[in-house]
Amino acid sequence: MPLPPLPCSLHLQSHTFIITHLPCEQQPKPPKATTSHCSAFIPAPLLSSFSLTFVSILSSSAYSSPFDALYASKKESCNSNDNNGVSITMAMDDSNPPDIDEDLHSRQLAVYGRDTMRRLFASNVLISGMQGLGVEIAKNLVLAGVKSVTLHDEGTVELWDLSSNFVFSQSDVGKNRALACVQELQELNNAVLVSTLTTKLTKEQLSDFQAVVFTDITLEKAIEFNDYCHSHQPPIAFIKAEVRGLFGSVFCDFGPEFTVIDVDGEEPHTGIIASISNDNPSLVSCVDDERLEFQDGDLVVFSEVHGMTELNDGHPRKIKNARSYTFTLEEDTTNYGVYQKGGIVTQVKQPKVLNFKPLKEALSDPGDFLLSDFSKFDRSPFLHLAFQALDKFLCEVGRYPVAGIEEDAQKLISIASRMNDDLTAGRLEDINPKLLRCFAFGARAVLNPMAAMFGGIVGQEVVKACSGKFCPLFQFFYFDSVESLPSEQLDPNDFAPLNSRYDAQISVFGCKLQKKLEDAKVLVVGSGALGCEFLKNLALMGVSCGGQGKLTITDDDVIEKSNLSRQFLFRDWNIGQAKSTVAAASAASINPQLCIEALQNRVGPETENVFDDTFWENLTVVINALDNVNARLYVDQRCLYFQKPLLESGTLGAKCNTQMIIPHLSENYGASRDPPEKQAPMCTVHSFPHNIDHCLTWARSEFEGLLEKIPTEVNAYLSNPGEYTSSMRKAGDAQARDTLERVLECLGRERCETFQDCVTWARLKFEDYFANRVKQLIYTFPEDAATSTGAPFWSAPKRFPHPLQFLSSDPSNLHFIMAASILRAEIFGIPVPDWAKHPRKLAKAVDEFVVPEFHPKTDAKIVTDEKATSLSSSSIDDAAVIDELVAKLRQCLGMMPPNFRMKPIQFEKDDDTNYHMDLIAALANMRARNYGIPEVEKLKAKFIAGRIIPAIATSTAMATGLVCLELYKVLDGIHKVEDYRNTFANLALPLFSMAEPVPPKVFKHRDMSWTVWDRWVLKGNPTLRELVQWLKDKGLNAYSISCGSCLLFNSMFPRHRERMDKKVVDLAREVAKLEIPPYRRHLDVVVACEDDEDNDIDIPLVPNTANSVQRGRSKFFPRAAFNLLRFDKVRKKDICGEILVVLMLKQLGVLKGAIISLPLHLTSVYGVQHSHFPFSAPRLRTIAATLQISLSPDLTSIYDIQYSYLPFSTPHLRTIAAATQISLSLVDWLLQRSSL
Amino acid sequence: MSSPSKRREMDLMKLMMSDYKVEMINDGMQEFYVEFHGPSGSPYNGGVWRIRVELPDAYPYKSPSIGFVNKIYHPNVDEMSGSVCLDVINQTWSPMFDLVNVFEVFLPQLLLYPNPSDPLNGEAAALMMRDRATYEQRVKEYCERYAKPEHIGATPEAKSSDEELSEEEYASSDEGMAGEADP
């Protein structure tokens, strides 16, 4: 191996550079400013190495800041070690890779799982080129937690780089780029070794790494390095990525034979078997409980099959004809045993081997490009050529084309044209000079949104390369966002640099748009993972960084440890602080010009005094960075109301999506909605669980009942026994009785005074839950019980339970006792002795107690839920029992210590030491054991029961990059709807699909037409009668008027006719109890009406910017009164519409004939969970379901769809966004097809 | 698809137009009571129940929650809470269904054809499976005891549907505003 050049001289060079630029360093970033700051901000593990450094600072006045000194000292260590030019910045313990920090990485673990994370922790990654893209990739990988990240760059920071690199400040100009990045990247995660390389790379150095990424490299050099990596043993994953203005490219080569362990990251699908035929091929039917998600060609294994036991051999079998509830096996089962009952079928995920081509070969034979936008079907081959032409330009001219210089553009065009002519295969018909010109002008600029987007993509590819998790990008991906350019033609002078940090961005968009960005008034709702990324992007773009601009960010949450793996503006010393404040401070340090205000308010109806009408009216744009649908719907409402653009995005694991809500151009967010997540039926959860989710749901509800609800009831009773019992008497129903029984149990029979009592209680609970209740249930429904029709009661999906026998030697039994008794002690305020946490001592304590034997009650009710059965005989009147209970409670009260209160416990999933998850996991697993359901480890239980939303930095970064590309369009202000893009992406597959937003629905009545964004203005504070008449004059008959969810008027109610002469505002106050606060200028009233032919009509918002200020008598309405009327209604018309669809579909014969089976990536679109997702698969499913129901006469099977039957063609499924409207557009499409 | 709040009003209107007695709470459209009569041809015939209907924020995307206020003996109704474990309502709900479907089809079906295989009231289910006659006897006893017009606070003469519950009893207007989620 040739010796690398000595790093020493280069370092010295960079060092002298710093000194000569000393005057520039007037504005160091806040945390870096002084030594005292450092000691406050540097995480503890780093302090030791720093203290050494500080000594040298004090003695050496040559260094302007401790960090320069740090680099200097690093240089010295370099000299002495001569480690291939790699200089280690921080003293890290790199001896043994630590095990996964589950608190820090819980959200990421939920995406990757432990194995992937361990492989990541063992991976060394090189990132070469530390401009905007390089630093984004590095950030994502440091957050993800690889073993080491080595930053390579030979160049120095230029002002130009500040447009896209969030760690550079003006004072870094002139420093080596890698060195200027290392400190801040290291701070993101102490467990990752971040180091730098500042000398020219040799290919031999690449052998130190599992994956190498080049963001700024010539094609020639790339081919040389790639050849080395491709033929290296083992192969080194090679990624070349570039962002040039609004164009980007990625190339991946993970070696000649790369094995993907998990192609999509989805859980293996399962099904519960109902029958299997003795046939060839054999037909397998599953219960109609849940739709099967298998696909033709999947491998499955069988277990628990009774009768046809031959299938239980664990051998994977291939399936065909996958349908909603059935599939066939290519196997002759004629001579197998006859199927009796039971059986579970589970998908076996198969690894996949990919044969990557090296760059040299792939360039001339690129294969299929990964598409992102179906409206740009032929764009990828074009960009493939354009990027090669740019490389040639760079080699020939020695620099990038300059924005606005026509000769440069023409030169690039002629290079491209020549290269195209030389092509033998795959020659382009048109080289699109106009687009090439755009490409040339932006070529030198790295834009932050592009860097963020590609940083996410490339970061994910590196994770794939290191772990084999998810399917890699194979092999080229090209993307452009030329629609982001200002829609009006720009003068070449507009692109000229202003010697500002935004020069790169100005070179693409011009200075006029830059000004608009700087003056924008933006609201960012939420400061979590999305919020942090947005703040960084906005700061770099210069949004709200000018005189008139203002950025408001609001979040009511505080920073927790589990946030740190994605929310990169936070450090561990910020834990417990307000998210928005810390994020705002960090963003301001990225760009000191940023004018930002951080609020801690949740955006919702209760904060409309903070976010009042004036606030909303002043906004330019709203960016959602939320994690729940309800808040999104609320913000959507407000944006609709105030006619503000809303940029919406969300992520779920490796998936992300974005939706642009543009006034008058697009539909609003709430216009289409996902169906709610299905919940398990009550009866299943109570008595007949058949999967671990059911057990966990039950465990959660038991936890809440035992530790939160009942103690709270007890306290309510103790605080005011008289009032509490009288309210219970008044209710007088079964529920009141049940509650009283539980309160009595807590204070009487089961009251705990010592820890031993708690252990006894836990032991009895175990017996009750896992033995007695089961015994009772199987007594009532014996294994051979039959229903009225003679069918076996215990048929699939029901599983026959078996009672457990408690064994203190069984760790999981004992674990239940430990968690239950410790939490029981907590609610009674009993101190927990040390022995409680020692298994052996605890076991001894449990065994001392003898559990009474249980006898099932004959003809008593089955314990279908948690209710106690002591007094229950349903024929006794509840009222009488309640009286009895109250009397008993009074006796207990006398025996209680004065002021005794219980301490209710609220479930907290993220504290591993509080025993909450321990109890829930133990409850769920013991119940699972009852029913023969596979048990789960605590971490998995936490994901399910804690409803932990899987989240990773990569998809988040990508979503925000995509949104910011749209922000250019929004702030330019004159783009058409065709220019905007909504995106759905799944980095795991990978899949990118973009489509135009759906325009709002247009309503027509007489000669008027309107959408949800339009409004009619009505002045004054009319009476109900006047309002009705006003509508009547427009040919609209109001039959129902409501305010919020309160009915003000309904023509069906004779009583409401008395209200006709009241003023609407007064009515709202009287009936809806609605007071309009002074900061409100509007009152929402919803009117449902019909036209004269009784057709229902949707009519627009009618804001009434009332002059009624004077007329409104009430002092409650000083400024405004009755402002906004909303007329909503589609009744028969809607129904007619649906019928119409049915008819047309039938006419067209779009039935099960047209089978289009969807490729893998589209079907996993369906796997998206909606709850966290603004725009997801279930929504698509709803539409599909609507179609299916149109096809199927069986209304009950509404959700029963099989995607392979759907009459969508692939392009029609291109985004979820498009799909939400597909029921309408599909009809057009079908009509077109039928006319062909 | 029409917007959620529109659907609320429409569905409620349809229900009232189909001659169901609807008791509104404080003129709210979020929750209300509906009077429901046991279908003829079932042992529940002659019984009358007050059904509490709650329309969730996500209605009609999410199913209404349905509960019997006065007691009923039925394998699929929880005796304690009156909650219904009815597949169509809880599981198979679709935005295409409306409230009239619930009262005209789903609930009568539930009372005509209980499904003891998925019991919420296990005792009733077991009894129904083992001894149909005693089960029906028990159903009738319950009807007699808990499901007469006086048990639902109704006068024998049909009340007009506009008699809401007292508005004072359920004063909570901010809830009304919070529920507003409609394009």
# chains A, B, ... in the order shown; residues from 1 in each chain; ligands from 1
call {"tool": "residues_around", "arguments": {"residues": "Glu136 (chain B)", "least_positions_apart": "6", "cutoff": "10 Å", "atoms": "only C-alpha atoms", "output": "number ranges by chain"}}
result
B: 42-44, 73-74, 124, 127-128, 142
call {"tool": "write_last_selection", "arguments": {"atoms": "C-alpha atoms", "output": "short mmCIF file (atom, residue, chain, number, x, y, z; two decimals), in the first residue's frame"}}
result
data_model
loop_
_atom_site.label_atom_id
_atom_site.label_comp_id
_atom_site.auth_asym_id
_atom_site.auth_seq_id
_atom_site.Cartn_x
_atom_site.Cartn_y
_atom_site.Cartn_z
CA SER B 42 -88.32 -11.97 18.35
CA PRO B 43 -88.63 -12.48 22.10
CA TYR B 44 -87.73 -8.80 22.37
CA TYR B 73 -80.51 -9.69 28.02
CA HIS B 74 -78.66 -10.53 24.86
CA ALA B 124 -76.72 -15.27 27.84
CA LEU B 127 -77.91 -20.23 27.95
CA MET B 128 -79.06 -19.57 24.45
CA TYR B 142 -85.84 -8.63 31.25
#
call {"tool": "residues_around", "arguments": {"residues": "region 222-224 of chain A", "least_positions_apart": "3", "cutoff": "6 Å", "atoms": "only C-alpha atoms", "output": "ChimeraX atom specification"}}
result
/A:219,227,359-360
call {"tool": "write_last_selection", "arguments": {"atoms": "N, CA, C and O atoms", "output": "mmCIF file, in the first residue's frame"}}
result
data_model
loop_
_atom_site.group_PDB
_atom_site.id
_atom_site.type_symbol
_atom_site.label_atom_id
_atom_site.label_comp_id
_atom_site.auth_asym_id
_atom_site.auth_seq_id
_atom_site.Cartn_x
_atom_site.Cartn_y
_atom_site.Cartn_z
ATOM 1 N N LEU A 219 -16.596 11.904 -12.854
ATOM 2 C CA LEU A 219 -17.009 10.590 -13.303
ATOM 3 C C LEU A 219 -15.807 9.659 -13.414
ATOM 4 O O LEU A 219 -15.862 8.486 -13.052
ATOM 5 N N ASP A 227 -14.748 0.755 -9.368
ATOM 6 C CA ASP A 227 -14.155 -0.522 -9.777
ATOM 7 C C ASP A 227 -13.474 -1.191 -8.595
ATOM 8 O O ASP A 227 -13.603 -2.391 -8.382
ATOM 9 N N LEU A 359 -20.292 1.040 -12.099
ATOM 10 C CA LEU A 359 -20.676 2.313 -12.717
ATOM 11 C C LEU A 359 -20.326 2.354 -14.205
ATOM 12 O O LEU A 359 -21.120 2.792 -15.030
ATOM 13 N N LYS A 360 -19.125 1.859 -14.532
ATOM 14 C CA LYS A 360 -18.665 1.934 -15.907
ATOM 15 C C LYS A 360 -19.654 1.243 -16.843
ATOM 16 O O LYS A 360 -20.038 1.785 -17.880
#
call {"tool": "closest_residue", "arguments": {"among": "A:Leu718, A:Ala122, A:Ile882, A:Ala445", "to": "Asp738 (chain A)", "atoms": "only C-alpha atoms"}}
result
A:Ile882
call {"tool": "closest_residue", "arguments": {"among": "A:Asp636, A:Asp979, A:Asp1014, A:Glu704", "to": "chain B", "atoms": "only C-alpha atoms"}}
result
A:Asp636
call {"tool": "residues_around", "arguments": {"residues": "Arg890 (chain A)", "least_positions_apart": "2", "cutoff": "10 Å", "atoms": "only C-alpha atoms", "output": "PDB file with N, CA, C and O atoms, in the first residue's frame"}}
result
ATOM      1  N   PRO A 721     -67.420  11.649  50.541  1.00  0.00           N
ATOM      2  CA  PRO A 721     -68.206  10.404  50.514  1.00  0.00           C
ATOM      3  C   PRO A 721     -69.683  10.650  50.240  1.00  0.00           C
ATOM      4  O   PRO A 721     -70.300   9.927  49.454  1.00  0.00           O
ATOM      5  N   GLY A 722     -70.222  11.700  50.836  1.00  0.00           N
ATOM      6  CA  GLY A 722     -71.655  11.938  50.700  1.00  0.00           C
ATOM      7  C   GLY A 722     -72.041  12.216  49.260  1.00  0.00           C
ATOM      8  O   GLY A 722     -72.930  11.571  48.699  1.00  0.00           O
ATOM      9  N   THR A 725     -71.468   9.097  46.870  1.00  0.00           N
ATOM     10  CA  THR A 725     -72.449   8.010  46.939  1.00  0.00           C
ATOM     11  C   THR A 725     -73.812   8.477  46.435  1.00  0.00           C
ATOM     12  O   THR A 725     -74.526   7.712  45.798  1.00  0.00           O
ATOM     13  N   LEU A 744     -65.060  -0.494  46.802  1.00  0.00           N
ATOM     14  CA  LEU A 744     -65.159  -1.214  48.067  1.00  0.00           C
ATOM     15  C   LEU A 744     -64.042  -2.250  48.196  1.00  0.00           C
ATOM     16  O   LEU A 744     -63.436  -2.383  49.255  1.00  0.00           O
ATOM     17  N   LEU A 885     -73.889  -1.604  49.085  1.00  0.00           N
ATOM     18  CA  LEU A 885     -72.480  -1.264  48.905  1.00  0.00           C
ATOM     19  C   LEU A 885     -72.114   0.024  49.628  1.00  0.00           C
ATOM     20  O   LEU A 885     -71.058   0.127  50.257  1.00  0.00           O
ATOM     21  N   VAL A 886     -73.005   0.977  49.527  1.00  0.00           N
ATOM     22  CA  VAL A 886     -72.744   2.264  50.176  1.00  0.00           C
ATOM     23  C   VAL A 886     -72.606   2.074  51.680  1.00  0.00           C
ATOM     24  O   VAL A 886     -71.713   2.643  52.325  1.00  0.00           O
ATOM     25  N   ALA A 887     -73.473   1.221  52.228  1.00  0.00           N
ATOM     26  CA  ALA A 887     -73.399   0.961  53.666  1.00  0.00           C
ATOM     27  C   ALA A 887     -72.062   0.336  54.036  1.00  0.00           C
ATOM     28  O   ALA A 887     -71.425   0.724  55.013  1.00  0.00           O
ATOM     29  N   LYS A 888     -71.625  -0.624  53.224  1.00  0.00           N
ATOM     30  CA  LYS A 888     -70.349  -1.287  53.513  1.00  0.00           C
ATOM     31  C   LYS A 888     -69.182  -0.313  53.392  1.00  0.00           C
ATOM     32  O   LYS A 888     -68.235  -0.370  54.181  1.00  0.00           O
ATOM     33  N   CYS A 892     -66.036   0.834  55.991  1.00  0.00           N
ATOM     34  CA  CYS A 892     -64.604   0.884  55.669  1.00  0.00           C
ATOM     35  C   CYS A 892     -64.016   2.247  55.998  1.00  0.00           C
ATOM     36  O   CYS A 892     -62.898   2.359  56.496  1.00  0.00           O
ATOM     37  N   LEU A 893     -64.810   3.266  55.690  1.00  0.00           N
ATOM     38  CA  LEU A 893     -64.341   4.633  55.864  1.00  0.00           C
ATOM     39  C   LEU A 893     -63.875   4.851  57.293  1.00  0.00           C
ATOM     40  O   LEU A 893     -62.860   5.498  57.544  1.00  0.00           O
ATOM     41  N   GLY A 894     -64.632   4.255  58.221  1.00  0.00           N
ATOM     42  CA  GLY A 894     -64.296   4.423  59.627  1.00  0.00           C
ATOM     43  C   GLY A 894     -62.930   3.848  59.959  1.00  0.00           C
ATOM     44  O   GLY A 894     -62.260   4.300  60.878  1.00  0.00           O
ATOM     45  N   MET A 895     -62.513   2.832  59.189  1.00  0.00           N
ATOM     46  CA  MET A 895     -61.258   2.167  59.513  1.00  0.00           C
ATOM     47  C   MET A 895     -60.061   2.771  58.797  1.00  0.00           C
ATOM     48  O   MET A 895     -58.931   2.369  59.043  1.00  0.00           O
TER      49      MET A 895
END
call {"tool": "residues_around", "arguments": {"residues": "Ala951 (chain A)", "least_positions_apart": "5", "cutoff": "6 Å", "atoms": "only C-alpha atoms", "output": "MDAnalysis selection string"}}
result
chainID A and resid 107:108 652:653
call {"tool": "closest_residue", "arguments": {"among": "B:Asp11, B:Glu123, B:Glu104, B:Glu144", "to": "chain A", "atoms": "only C-alpha atoms"}}
result
B:Glu123
call {"tool": "atom_distance", "arguments": {"atom1": "CA of Met80 (chain B)", "atom2": "CA of Asn45 (chain B)"}}
result
21.8 Å
call {"tool": "residues_around", "arguments": {"residues": "region 338-342 of chain A", "least_positions_apart": "3", "cutoff": "8 Å", "atoms": "only C-alpha atoms", "output": "ChimeraX atom specification"}}
result
/A:272-278,304-308,795-796
call {"tool": "write_last_selection", "arguments": {"atoms": "all heavy atoms", "output": "mmCIF file, in the first residue's frame"}}
result
data_model
loop_
_atom_site.group_PDB
_atom_site.id
_atom_site.type_symbol
_atom_site.label_atom_id
_atom_site.label_comp_id
_atom_site.auth_asym_id
_atom_site.auth_seq_id
_atom_site.Cartn_x
_atom_site.Cartn_y
_atom_site.Cartn_z
ATOM 1 N N ILE A 272 -55.591 -17.049 9.752
ATOM 2 C CA ILE A 272 -56.126 -18.121 10.593
ATOM 3 C C ILE A 272 -56.966 -19.033 9.708
ATOM 4 O O ILE A 272 -57.903 -18.576 9.049
ATOM 5 C CB ILE A 272 -56.973 -17.542 11.740
ATOM 6 C CG1 ILE A 272 -56.083 -16.669 12.622
ATOM 7 C CG2 ILE A 272 -57.631 -18.643 12.541
ATOM 8 C CD1 ILE A 272 -56.837 -15.830 13.611
ATOM 9 N N ILE A 273 -56.602 -20.303 9.696
ATOM 10 C CA ILE A 273 -57.199 -21.227 8.730
ATOM 11 C C ILE A 273 -58.594 -21.675 9.162
ATOM 12 O O ILE A 273 -58.840 -21.940 10.349
ATOM 13 C CB ILE A 273 -56.273 -22.440 8.535
ATOM 14 C CG1 ILE A 273 -54.979 -21.960 7.878
ATOM 15 C CG2 ILE A 273 -56.935 -23.525 7.688
ATOM 16 C CD1 ILE A 273 -53.876 -22.967 7.904
ATOM 17 N N ALA A 274 -59.495 -21.738 8.189
ATOM 18 C CA ALA A 274 -60.838 -22.247 8.452
ATOM 19 C C ALA A 274 -61.015 -23.628 7.825
ATOM 20 O O ALA A 274 -61.711 -24.481 8.382
ATOM 21 C CB ALA A 274 -61.888 -21.281 7.908
ATOM 22 N N SER A 275 -60.418 -23.845 6.657
ATOM 23 C CA SER A 275 -60.533 -25.171 6.049
ATOM 24 C C SER A 275 -59.420 -25.361 5.031
ATOM 25 O O SER A 275 -58.879 -24.391 4.490
ATOM 26 C CB SER A 275 -61.890 -25.342 5.366
ATOM 27 O OG SER A 275 -61.912 -24.614 4.153
ATOM 28 N N ILE A 276 -59.097 -26.647 4.767
ATOM 29 C CA ILE A 276 -58.124 -26.993 3.716
ATOM 30 C C ILE A 276 -58.690 -28.199 2.974
ATOM 31 O O ILE A 276 -59.103 -29.177 3.602
ATOM 32 C CB ILE A 276 -56.743 -27.367 4.302
ATOM 33 C CG1 ILE A 276 -56.260 -26.284 5.275
ATOM 34 C CG2 ILE A 276 -55.724 -27.566 3.190
ATOM 35 C CD1 ILE A 276 -54.977 -26.656 6.016
ATOM 36 N N SER A 277 -58.731 -28.110 1.663
ATOM 37 C CA SER A 277 -59.334 -29.202 0.900
ATOM 38 C C SER A 277 -58.310 -30.298 0.621
ATOM 39 O O SER A 277 -57.121 -30.034 0.500
ATOM 40 C CB SER A 277 -59.905 -28.673 -0.419
ATOM 41 O OG SER A 277 -58.849 -28.301 -1.283
ATOM 42 N N ASN A 278 -58.803 -31.528 0.507
ATOM 43 C CA ASN A 278 -57.956 -32.629 0.044
ATOM 44 C C ASN A 278 -58.058 -32.639 -1.473
ATOM 45 O O ASN A 278 -58.986 -33.201 -2.042
ATOM 46 C CB ASN A 278 -58.461 -33.973 0.596
ATOM 47 C CG ASN A 278 -58.192 -34.087 2.082
ATOM 48 O OD1 ASN A 278 -59.033 -33.737 2.901
ATOM 49 N ND2 ASN A 278 -57.010 -34.546 2.424
ATOM 50 N N GLU A 304 -50.018 -25.657 13.722
ATOM 51 C CA GLU A 304 -51.232 -25.921 14.518
ATOM 52 C C GLU A 304 -52.381 -26.488 13.704
ATOM 53 O O GLU A 304 -53.534 -26.384 14.118
ATOM 54 C CB GLU A 304 -51.734 -24.636 15.208
ATOM 55 C CG GLU A 304 -50.741 -24.029 16.167
ATOM 56 C CD GLU A 304 -51.312 -22.805 16.857
ATOM 57 O OE1 GLU A 304 -52.546 -22.666 16.915
ATOM 58 O OE2 GLU A 304 -50.513 -21.992 17.344
ATOM 59 N N VAL A 305 -52.113 -27.050 12.537
ATOM 60 C CA VAL A 305 -53.214 -27.631 11.760
ATOM 61 C C VAL A 305 -53.588 -28.972 12.377
ATOM 62 O O VAL A 305 -52.728 -29.816 12.607
ATOM 63 C CB VAL A 305 -52.797 -27.824 10.280
ATOM 64 C CG1 VAL A 305 -53.915 -28.500 9.501
ATOM 65 C CG2 VAL A 305 -52.439 -26.494 9.656
ATOM 66 N N HIS A 306 -54.874 -29.149 12.655
ATOM 67 C CA HIS A 306 -55.357 -30.440 13.149
ATOM 68 C C HIS A 306 -55.920 -31.213 11.967
ATOM 69 O O HIS A 306 -56.575 -30.646 11.109
ATOM 70 C CB HIS A 306 -56.453 -30.262 14.203
ATOM 71 C CG HIS A 306 -55.939 -29.688 15.488
ATOM 72 N ND1 HIS A 306 -55.894 -30.398 16.660
ATOM 73 C CD2 HIS A 306 -55.427 -28.460 15.764
ATOM 74 C CE1 HIS A 306 -55.382 -29.637 17.616
ATOM 75 N NE2 HIS A 306 -55.096 -28.449 17.098
ATOM 76 N N GLY A 307 -55.690 -32.488 11.953
ATOM 77 C CA GLY A 307 -56.181 -33.321 10.860
ATOM 78 C C GLY A 307 -55.123 -33.450 9.790
ATOM 79 O O GLY A 307 -54.369 -34.426 9.762
ATOM 80 N N MET A 308 -55.023 -32.449 8.946
ATOM 81 C CA MET A 308 -54.022 -32.503 7.876
ATOM 82 C C MET A 308 -52.657 -32.101 8.430
ATOM 83 O O MET A 308 -52.086 -31.068 8.074
ATOM 84 C CB MET A 308 -54.432 -31.577 6.723
ATOM 85 C CG MET A 308 -53.721 -31.899 5.413
ATOM 86 S SD MET A 308 -54.119 -30.718 4.132
ATOM 87 C CE MET A 308 -55.781 -31.202 3.671
ATOM 88 N N SER A 795 -64.467 -22.503 17.400
ATOM 89 C CA SER A 795 -63.908 -22.643 16.060
ATOM 90 C C SER A 795 -63.138 -21.374 15.731
ATOM 91 O O SER A 795 -63.356 -20.329 16.339
ATOM 92 C CB SER A 795 -65.024 -22.887 15.054
ATOM 93 O OG SER A 795 -65.953 -21.838 15.092
ATOM 94 N N ALA A 796 -62.251 -21.481 14.747
ATOM 95 C CA ALA A 796 -61.387 -20.358 14.399
ATOM 96 C C ALA A 796 -62.246 -19.127 14.099
ATOM 97 O O ALA A 796 -63.327 -19.274 13.544
ATOM 98 C CB ALA A 796 -60.539 -20.716 13.180
#
call {"tool": "select_by_dssp", "arguments": {"residues": "region 20-160 of chain B", "states": "strand (DSSP E)", "output": "list in words"}}
result
Val22, Glu23, Met24, Glu31, Phe32, Tyr33, Val34, Glu35, Phe36, His37, Val48, Trp49, Arg50, Ile51, Arg52, Val53, Glu54, Ser65, Ile66, Gly67 and Phe68 of chain B
call {"tool": "write_last_selection", "arguments": {"atoms": "N, CA and C atoms", "output": "CSV table (one decimal), in the first residue's frame"}}
result
chain,number,residue,atom,x,y,z
B,22,VAL,N,-86.1,10.9,18.4
B,22,VAL,CA,-84.7,11.3,18.6
B,22,VAL,C,-84.7,12.3,19.7
B,23,GLU,N,-84.0,12.0,20.8
B,23,GLU,CA,-83.9,13.0,21.9
B,23,GLU,C,-82.5,13.6,21.8
B,24,MET,N,-82.5,14.9,21.5
B,24,MET,CA,-81.2,15.5,21.4
B,24,MET,C,-80.7,16.0,22.8
B,31,GLU,N,-74.1,13.6,20.3
B,31,GLU,CA,-74.7,12.4,20.9
B,31,GLU,C,-76.2,12.7,21.2
B,32,PHE,N,-77.0,11.6,21.1
B,32,PHE,CA,-78.4,11.8,21.3
B,32,PHE,C,-79.0,10.4,21.6
B,33,TYR,N,-80.2,10.4,22.0
B,33,TYR,CA,-80.9,9.1,22.3
B,33,TYR,C,-81.9,8.8,21.2
B,34,VAL,N,-82.1,7.6,20.9
B,34,VAL,CA,-83.1,7.2,20.0
B,34,VAL,C,-83.9,6.0,20.6
B,35,GLU,N,-85.2,6.1,20.4
B,35,GLU,CA,-86.1,5.1,21.0
B,35,GLU,C,-86.2,3.9,20.0
B,36,PHE,N,-86.0,2.8,20.5
B,36,PHE,CA,-85.9,1.6,19.7
B,36,PHE,C,-86.8,0.5,20.2
B,37,HIS,N,-87.7,0.0,19.3
B,37,HIS,CA,-88.6,-1.1,19.7
B,37,HIS,C,-88.1,-2.5,19.3
B,48,VAL,N,-89.0,-1.8,24.8
B,48,VAL,CA,-88.6,-0.6,24.1
B,48,VAL,C,-87.3,-0.1,24.9
B,49,TRP,N,-86.4,0.3,24.1
B,49,TRP,CA,-85.1,0.7,24.6
B,49,TRP,C,-84.7,2.1,24.2
B,50,ARG,N,-84.0,2.7,25.1
B,50,ARG,CA,-83.4,3.9,24.8
B,50,ARG,C,-82.0,3.6,24.3
B,51,ILE,N,-81.7,4.0,23.1
B,51,ILE,CA,-80.4,3.7,22.6
B,51,ILE,C,-79.6,5.0,22.6
B,52,ARG,N,-78.4,4.9,23.2
B,52,ARG,CA,-77.6,6.1,23.2
B,52,ARG,C,-76.7,6.0,21.9
B,53,VAL,N,-76.7,7.1,21.1
B,53,VAL,CA,-75.9,7.1,19.9
B,53,VAL,C,-74.9,8.2,20.1
B,54,GLU,N,-73.6,7.9,19.8
B,54,GLU,CA,-72.6,8.9,19.9
B,54,GLU,C,-71.9,8.9,18.5
B,65,SER,N,-71.1,5.1,18.0
B,65,SER,CA,-71.1,4.1,19.1
B,65,SER,C,-72.5,4.0,19.6
B,66,ILE,N,-72.9,2.7,19.8
B,66,ILE,CA,-74.3,2.4,20.1
B,66,ILE,C,-74.4,1.7,21.4
B,67,GLY,N,-75.2,2.1,22.3
B,67,GLY,CA,-75.3,1.5,23.6
B,67,GLY,C,-76.8,1.4,24.1
B,68,PHE,N,-77.2,0.3,24.7
B,68,PHE,CA,-78.5,0.2,25.3
B,68,PHE,C,-78.5,0.9,26.6
